[in-house]
Amino acid sequence: MTPNSEKPVAPHTTSRRTFAALAAAALAPCLLASAVAVAAPAGDQGVYPPWSGGANDPVEKRGLEFTVPEVDNLPDFHGDPCNHKLAVFVGGNYYFAMAPLVHAFEKLHPEMKGKVYYETIPPGLLAQQIEHGGAITVGNMTWVVQADVYAAGLKRVNAEIKSGHAAGKAVPYATNTLTIMVPKGNPAKITSLQDLAKPGVRLVMPNPEFEGIGRQIKASLAKAGGDELVRAVYETKVKNGETLLTHIHHRQSPLWLMQGKADAGVTWQSEAMFQEQVGNPISHVDIPDAQNATGIYAVAMVKGARHPAAAKKWIAFLKSPAALEIFKRYGFKAYEEKSGK
């Protein structure tokens, strides 16, 4: 871990009974906090997230603005954890699509306006949070939100259904492919996956232990250069310090590239497109189809959801033309049965 890491720590050592008590005890303070008068927006944030500039916060009445870039920053937690009517836990690699998705959902369901809470940390960490009763600790703050909906890669969602933490059948709705994210101008002259193995090329790569994309990247590397390329990127370079492993790659990869800590990193294509669209100094190098990997995004209701009716509406919405048009802006494609395996 580096000083700039944004790893949320799940409180593994606390009992489920304690979490339930925390949830009850936290309710009253949350209700009071929601009444705080709105302050002026934070100033220039430079390269630090949230790159949305606050647009991803769905609440109507916001409290005291206290976001100090890099130091006090919670860019992957959105909305009111106490006064919501729908809690969505979604894998962080499309955090940038969530604001327009929520706005479109609110237009269809006006009663939900300002009442959607969502988290966009890696799906493996979201699964841990669900397993711990919805409790999560970031810095000195612990809060409890029981998810109504869990959205991630199809395999991960099916695993949560099998474990009993999600219910029903996984509903696939979109697909994505990989790309090589680089700083604007591509100073290291990266042209292919094979270039990632070159000595001196510094990489920022998702850690397969925490992030599902890591496994898909390994498969893509194997297609391009066999096990030798996989070992070079994920073993040799990790040991010699030329590969930095992330905990939250959708935040850390672009940030570390912009800070000059790395020359390249493999991410989802949509993430690079978003960075380019918002004007950050990021570009990307396409990966040929024969070497690429396809991610299938799916969703399911969480077992014991407190807002099952709203959860069903959100799941249906994700397959709607309005939602798929939003995904299309960032390079996602609608899921089709033939794209599944």
# chains A, B, ... in the order shown; residues from 1 in each chain; ligands from 1
>>> select_by_dssp(residues="range 164-207 of chain A", states="strand (DSSP E or B)", output="list in words")
Ala166, Ala167, Gly168, Lys169, Ala170, Val171, Pro172, Tyr173, Ala174, Thr175, Asn176, Thr177, Leu178, Thr179, Ile180, Met181, Val182, Pro183, Leu203, Val204, Met205 and Pro206 of chain A
>>> write_last_selection(atoms="C-alpha atoms", output="tab-separated table (two decimals), in the first residue's frame")
chain	number	residue	atom	x	y	z
A	166	ALA	CA	-27.99	-12.41	-3.04
A	167	ALA	CA	-31.33	-13.79	-4.14
A	168	GLY	CA	-33.06	-14.80	-7.34
A	169	LYS	CA	-31.32	-15.03	-10.68
A	170	ALA	CA	-28.47	-12.83	-11.93
A	171	VAL	CA	-29.66	-10.41	-14.61
A	172	PRO	CA	-26.94	-9.49	-17.18
A	173	TYR	CA	-27.35	-6.10	-18.85
A	174	ALA	CA	-24.08	-4.74	-20.34
A	175	THR	CA	-20.57	-5.71	-21.49
A	176	ASN	CA	-17.18	-4.01	-21.53
A	177	THR	CA	-13.68	-4.64	-22.91
A	178	LEU	CA	-10.12	-3.86	-21.79
A	179	THR	CA	-7.73	-1.14	-22.89
A	180	ILE	CA	-4.28	0.15	-21.91
A	181	MET	CA	-4.59	3.46	-20.07
A	182	VAL	CA	-1.62	5.83	-20.47
A	183	PRO	CA	-0.83	9.46	-19.64
A	203	LEU	CA	2.87	-0.17	-14.42
A	204	VAL	CA	-0.21	0.31	-12.26
A	205	MET	CA	-2.30	-2.88	-12.30
A	206	PRO	CA	-5.43	-4.11	-10.50
>>> closest_residue(among="A:Ala311, A:Leu101, A:Ala322, A:Val299", to="Ala159 in chain A", atoms="only C-alpha atoms")
A:Val299
>>> residues_around(residues="Asn280 in chain A", least_positions_apart="4", cutoff="8 Å", atoms="only C-alpha atoms", output="list in words")
Val47, Gln275 and Glu276 of chain A
>>> closest_residue(among="A:Gly295, A:Gly134, A:Gly226, A:Pro288", to="His165 in chain A", atoms="only C-alpha atoms")
A:Gly134
>>> closest_residue(among="A:Leu126, A:Glu271, A:Thr294, A:Gly212", to="Lys333 in chain A", atoms="only C-alpha atoms")
A:Thr294
>>> atom_distance(atom1="CA of Asn292 in chain A", atom2="CA of Glu235 in chain A")
20.7 Å
>>> atom_distance(atom1="CA of Gly114 in chain A", atom2="CA of Asp80 in chain A")
8.4 Å
>>> closest_residue(among="A:Ser163, A:Gln259, A:Gln146, A:Thr191", to="Leu86 in chain A", atoms="only C-alpha atoms")
A:Gln146
>>> closest_residue(among="A:Glu106, A:Glu325, A:Glu119, A:Glu111", to="Leu74 in chain A", atoms="only C-alpha atoms")
A:Glu119
>>> closest_residue(among="A:Val302, A:Leu244, A:Ala272, A:Ile190", to="Ala127 in chain A", atoms="only C-alpha atoms")
A:Val302
>>> atom_distance(atom1="CA of Phe89 in chain A", atom2="CA of Gln277 in chain A")
24.7 Å
>>> residues_around(residues="range 245-249 of chain A", least_positions_apart="3", cutoff="7 Å", atoms="only C-alpha atoms", output="JSON, numbers by chain")
{"A": [6, 7, 121, 122, 204, 205, 206, 207, 210, 252, 253]}
>>> select_by_dssp(residues="range 122-197 of chain A", states="helix (DSSP H, G or I)", output="PyMOL selection string")
chain A and resi 123-131+154-163+193-197
